[in-house]
Every structure is written in structure tokens, then in C-alpha cells.
$ cat entry03.cif   # mmCIF, C-alpha atoms
data_structure
#
loop_
_atom_site.label_atom_id
_atom_site.label_comp_id
_atom_site.auth_asym_id
_atom_site.auth_seq_id
_atom_site.Cartn_x
_atom_site.Cartn_y
_atom_site.Cartn_z
CA MET A 1 47.58 -12.91 32.69
CA HIS A 2 44.89 -14.97 34.30
CA VAL A 3 41.41 -14.08 33.01
CA THR A 4 38.08 -15.60 33.94
CA LEU A 5 35.30 -15.30 31.39
CA THR A 6 31.85 -16.76 31.67
CA ILE A 7 31.12 -17.72 28.08
CA ASN A 8 27.61 -19.01 27.38
CA ASP A 9 27.07 -19.68 31.11
CA THR A 10 30.28 -21.73 31.40
CA LYS A 11 33.20 -20.36 33.38
CA HIS A 12 36.54 -20.38 31.53
CA SER A 13 39.76 -19.70 33.45
CA LEU A 14 42.36 -18.73 30.89
CA ASP A 15 46.03 -17.80 31.02
CA LEU A 16 46.45 -15.29 28.21
CA ASP A 17 48.97 -12.91 26.78
CA PRO A 18 47.55 -9.47 27.74
CA ARG A 19 47.42 -8.59 24.03
CA THR A 20 44.95 -11.41 23.25
CA THR A 21 41.70 -10.12 21.81
CA LEU A 22 38.41 -11.33 23.16
CA LEU A 23 37.80 -12.92 19.74
CA ASP A 24 41.01 -14.95 19.92
CA ALA A 25 40.30 -15.94 23.54
CA ILE A 26 36.86 -17.22 22.50
CA ARG A 27 38.05 -19.07 19.39
CA SER A 28 41.57 -20.26 20.23
CA HIS A 29 41.51 -20.61 24.00
CA ALA A 30 37.88 -21.49 24.79
CA GLY A 31 37.45 -23.53 21.59
CA LEU A 32 34.22 -21.87 20.47
CA THR A 33 34.59 -21.27 16.74
CA GLY A 34 31.12 -19.98 15.89
CA THR A 35 32.27 -16.37 16.26
CA LYS A 36 34.15 -15.49 13.08
CA LYS A 37 37.24 -13.43 12.34
CA GLY A 38 36.47 -11.32 9.30
CA CYS A 39 38.41 -8.10 8.92
CA ASP A 40 40.12 -8.01 12.34
CA HIS A 41 39.59 -4.21 12.29
CA GLY A 42 36.03 -3.89 13.62
CA GLN A 43 34.59 -3.01 10.24
CA CYS A 44 32.58 -6.10 9.28
CA GLY A 45 30.80 -7.30 12.45
CA ALA A 46 31.51 -11.00 11.88
CA CYS A 47 33.05 -11.13 15.36
CA THR A 48 30.03 -9.62 17.16
CA VAL A 49 29.31 -11.13 20.57
CA MET A 50 27.37 -9.87 23.57
CA VAL A 51 29.20 -8.89 26.74
CA ASN A 52 26.91 -8.41 29.72
CA GLY A 53 24.04 -8.14 27.24
CA ARG A 54 25.57 -5.47 24.98
CA ARG A 55 26.95 -6.18 21.53
CA ILE A 56 30.61 -5.53 20.80
CA ASN A 57 33.13 -6.29 18.10
CA SER A 58 35.25 -8.87 19.90
CA CYS A 59 38.22 -8.29 17.58
CA LEU A 60 38.62 -4.77 18.98
CA SER A 61 38.48 -5.66 22.64
CA LEU A 62 41.19 -7.23 24.75
CA ALA A 63 40.16 -10.29 26.74
CA VAL A 64 41.76 -8.90 29.92
CA MET A 65 39.28 -6.01 29.79
CA HIS A 66 36.47 -8.52 30.32
CA ASP A 67 37.75 -10.44 33.33
CA GLY A 68 34.64 -11.58 35.19
CA ASP A 69 32.23 -10.61 32.41
CA ALA A 70 29.48 -12.72 30.87
CA VAL A 71 30.01 -13.30 27.16
CA THR A 72 27.35 -14.72 24.86
CA THR A 73 28.35 -16.11 21.48
CA ILE A 74 26.24 -17.72 18.77
CA GLU A 75 26.71 -21.07 20.53
CA GLY A 76 24.99 -19.63 23.60
CA LEU A 77 21.86 -18.44 21.81
CA GLY A 78 20.47 -21.81 20.79
CA THR A 79 21.26 -25.36 19.76
CA PRO A 80 20.41 -27.29 16.60
CA GLU A 81 17.57 -28.90 18.56
CA ALA A 82 16.36 -25.65 20.18
CA LEU A 83 17.05 -22.65 17.96
CA SER A 84 16.71 -19.12 19.28
CA PRO A 85 13.83 -17.14 17.71
CA LEU A 86 16.29 -15.24 15.51
CA GLN A 87 18.10 -18.39 14.41
CA ALA A 88 14.76 -19.91 13.44
CA ALA A 89 13.75 -16.72 11.61
CA PHE A 90 17.04 -16.68 9.67
CA LEU A 91 16.32 -20.23 8.52
CA GLU A 92 12.70 -19.46 7.65
CA THR A 93 13.55 -16.35 5.59
CA ASP A 94 16.83 -17.60 4.07
CA GLY A 95 18.65 -14.81 5.93
CA PHE A 96 22.04 -16.11 4.89
CA GLN A 97 23.90 -17.40 1.86
CA CYS A 98 27.46 -18.47 2.60
CA GLY A 99 26.78 -18.16 6.35
CA TYR A 100 30.11 -16.64 7.34
CA CYS A 101 28.58 -13.42 8.70
CA THR A 102 25.50 -15.13 10.16
CA PRO A 103 26.77 -15.67 13.73
CA GLY A 104 27.68 -11.98 14.03
CA GLN A 105 24.43 -10.92 12.38
CA ILE A 106 22.36 -13.02 14.80
CA CYS A 107 24.28 -11.89 17.90
CA SER A 108 24.01 -8.28 16.81
CA ALA A 109 20.31 -8.57 15.97
CA THR A 110 19.60 -10.26 19.31
CA ALA A 111 21.13 -7.34 21.20
CA MET A 112 19.59 -4.82 18.79
CA LEU A 113 16.07 -6.08 19.51
CA GLU A 114 16.78 -5.62 23.22
CA GLU A 115 17.93 -2.04 22.51
CA ILE A 116 14.66 -1.36 20.69
CA ARG A 117 12.65 -2.98 23.50
CA ALA A 118 14.49 -0.78 26.03
CA GLY A 119 13.57 2.33 24.01
CA TRP A 120 17.09 3.29 22.97
CA PRO A 121 16.90 5.68 20.01
CA SER A 122 19.04 5.42 16.91
CA HIS A 123 19.99 8.00 14.30
CA VAL A 124 16.78 7.30 12.36
CA SER A 125 14.37 7.01 15.32
CA GLU A 126 11.47 9.43 14.97
CA THR A 127 11.87 10.71 18.54
CA LEU A 128 14.45 10.44 21.26
CA ASP A 129 11.95 9.65 23.98
CA GLY A 130 9.37 7.49 22.27
CA PRO A 131 9.31 3.83 21.49
CA ALA A 132 11.39 2.71 18.51
CA LEU A 133 9.78 0.27 16.12
CA PRO A 134 11.66 -2.39 14.14
CA THR A 135 11.05 -0.74 10.77
CA GLU A 136 13.28 -1.51 7.80
CA ALA A 137 15.04 1.85 8.23
CA GLU A 138 15.55 1.31 11.97
CA ILE A 139 16.94 -2.19 11.44
CA ALA A 140 19.20 -1.08 8.58
CA GLU A 141 20.64 1.73 10.72
CA ARG A 142 21.17 -0.41 13.80
CA MET A 143 22.67 -3.32 11.82
CA SER A 144 24.92 -1.10 9.68
CA GLY A 145 28.03 -2.40 11.47
CA ASN A 146 27.38 -5.94 10.26
CA LEU A 147 28.32 -6.56 6.65
CA CYS A 148 27.18 -9.40 4.43
CA ARG A 149 29.40 -9.87 1.41
CA CYS A 150 26.74 -12.05 -0.23
CA SER A 151 24.20 -9.19 0.01
CA ALA A 152 21.53 -11.18 1.84
CA TYR A 153 20.33 -7.94 3.47
CA PRO A 154 16.66 -8.12 2.43
CA ASN A 155 16.33 -11.57 3.98
CA ILE A 156 18.34 -10.58 7.07
CA VAL A 157 15.96 -7.65 7.64
CA ALA A 158 12.99 -9.97 7.03
CA ALA A 159 14.35 -12.41 9.63
CA ILE A 160 14.79 -9.67 12.22
CA ARG A 161 11.31 -8.29 11.56
CA LEU A 162 9.83 -11.80 11.82
CA ALA A 163 11.56 -12.45 15.15
CA ALA A 164 10.49 -9.01 16.44
CA ALA A 165 6.86 -9.64 15.42
CA GLU A 166 6.87 -13.08 17.07
CA ARG A 167 8.29 -11.52 20.22
CA GLU A 168 5.50 -8.92 20.25
CA ASP A 169 2.86 -11.60 19.71
CA ALA A 170 4.25 -13.59 22.66
CA ALA A 171 4.26 -10.54 24.97
#
$ encode --input "entry03.cif" --output "C-alpha cells"
Amino acid sequence: MHVTLTINDTKHSLDLDPRTTLLDAIRSHAGLTGTKKGCDHGQCGACTVMVNGRRINSCLSLAVMHDGDAVTTIEGLGTPEALSPLQAAFLETDGFQCGYCTPGQICSATAMLEEIRAGWPSHVSETLDGPALPTEAEIAERMSGNLCRCSAYPNIVAAIRLAAAEREDAA
């Protein structure tokens, strides 16, 4: 099937088997290998990307379902010369060890901070209609779909809180 994906603001016209996952389309057909294949069952979050601004596990989604969609991967969030605020915060707080889960963690956290900004409640939010704050409990709940086998969680949470605080200071 012919599928057109806009990945990191670049249009990719791909001829794919209809069973191709979005993850495999990104990695094998578009050549962007920052997004990782971890469990291939949607349990680890290493494959997290943003589609039209919302985070998804790309290993659980078929590429043909996203024809015409805008996909953002880790490569689209920043460059080595111009890191995104979260990428910079991960470096500053040592929010990674082996780094395998880091692209998924950063993509997920980027979308999660937008969810908080938009006022979307989570299971641990104090109210359903009030603003959510990036507390440790709120971040832990919202990032629970992203695993780190090295257990860098305290530094991942610190990175997210740092990026959230810098965003508030800039607003």
C-alpha cells in the first residue's frame, strides 16, 4: 500500500506491506533509527513517538492507519547543536544510563508535559477539572508506560521536573 507520512516535518511516500507497523516504517523504510524496538508488544515504551501531537506506542500501530499524519520522533525534537528542553534536562540530570529507552522517554515526556499544560487529569490528579502539576506522583503515573531497565527513574523524573519548571519560568 502507498502511505504518506510526514515524519519530523519531512514528507515520506512509502510503499508498504499493510502489516508494517509504524515503528518499522519509521526505522526500516524512513531510515530514522532513533526510535527503538524494545518489547514489540507495547509494554516498554521504547518505541514511543508522537502522532499529531499525541504519544503512541508505534509498535502497536500499523503505518497504514497514519496515512497523512504528522509523526514526531526523537530526531524531530532537537539536534546535537540545538537540544530540546527535555533533551537538555536529561543531560543535565543524568536522566539515562544505557540510553536505549531515552528516545521513548523523551518523546513520551514531551507529550506528557503538553497533556499537563492542557489540564488533562490522570489517575493521581487531585481534581478532574483543576490544573495538574508536574509532581513526582503525577509524572510517575503518566510515565508508567515507559520502562527503564537501568532504573534511572529518579533522574528521569528530575529531568522532566526541570524541563517543566523552565517552561513555567519562560511563560
$ residues_around --input "entry03.cif" --residues "region 92-101 of chain A" --least-positions-apart "6" --cutoff "12 Å" --atoms "only C-alpha atoms" --output "ChimeraX atom specification"
/A:33-39,44-48,74,83,85-86,107-109,145-163
$ atom_distance --input "entry03.cif" --atom1 "CA of Asp24 (chain A)" --atom2 "CA of Glu141 (chain A)"
27.9 Å
$ closest_residue --input "entry03.cif" --among "A:Ser61, A:Ser84, A:Thr79, A:Glu168" --to "Ile116 (chain A)" --atoms "only C-alpha atoms"
A:Glu168
$ resolve_selection --input "entry03.cif" --expression "the PyMOL selection byres ((chain A and resi 5-11) around 6)" --output "list in words"
Thr4, His12, Asp67, Gly68, Asp69, Ala70, Val71, Thr72 and Gly76 of chain A
$ write_last_selection --input "entry03.cif" --atoms "C-alpha atoms" --output "short mmCIF file (atom, residue, chain, number, x, y, z; two decimals), keeping the file's coordinate frame"
data_model
loop_
_atom_site.label_atom_id
_atom_site.label_comp_id
_atom_site.auth_asym_id
_atom_site.auth_seq_id
_atom_site.Cartn_x
_atom_site.Cartn_y
_atom_site.Cartn_z
CA THR A 4 38.08 -15.60 33.94
CA HIS A 12 36.54 -20.38 31.53
CA ASP A 67 37.75 -10.44 33.33
CA GLY A 68 34.64 -11.58 35.19
CA ASP A 69 32.23 -10.61 32.41
CA ALA A 70 29.48 -12.72 30.87
CA VAL A 71 30.01 -13.30 27.16
CA THR A 72 27.35 -14.72 24.86
CA GLY A 76 24.99 -19.63 23.60
#
$ atom_distance --input "entry03.cif" --atom1 "CA of Pro121 (chain A)" --atom2 "CA of Arg142 (chain A)"
9.7 Å
$ atom_distance --input "entry03.cif" --atom1 "CA of Leu62 (chain A)" --atom2 "CA of Ser144 (chain A)"
23.0 Å
$ residues_near_point --input "entry03.cif" --point "(28.2, -4.8, 30.8)" --cutoff "10 Å" --atoms "only C-alpha atoms" --output "PyMOL selection string"
chain A and resi 50-55+66+69-71
$ closest_residue --input "entry03.cif" --among "A:Asp169, A:Thr110, A:Val49, A:Val64" --to "Asp17 (chain A)" --atoms "all atoms listed in the file"
A:Val64
$ closest_residue --input "entry03.cif" --among "A:Val124, A:Leu14, A:Ala88, A:Ala82" --to "Ile26 (chain A)" --atoms "all atoms listed in the file"
A:Leu14
$ closest_residue --input "entry03.cif" --among "A:Glu115, A:Ala63, A:Ser58, A:Phe90" --to "Ser13 (chain A)" --atoms "only C-alpha atoms"
A:Ala63
$ axis_aligned_box --input "entry03.cif" --around "region 53-68 of chain A" --padding-each-side "5 Å" --output "JSON"
{"center_x": 32.9, "center_y": -8.2, "center_z": 26.4, "size_x": 27.7, "size_y": 16.8, "size_z": 27.6}
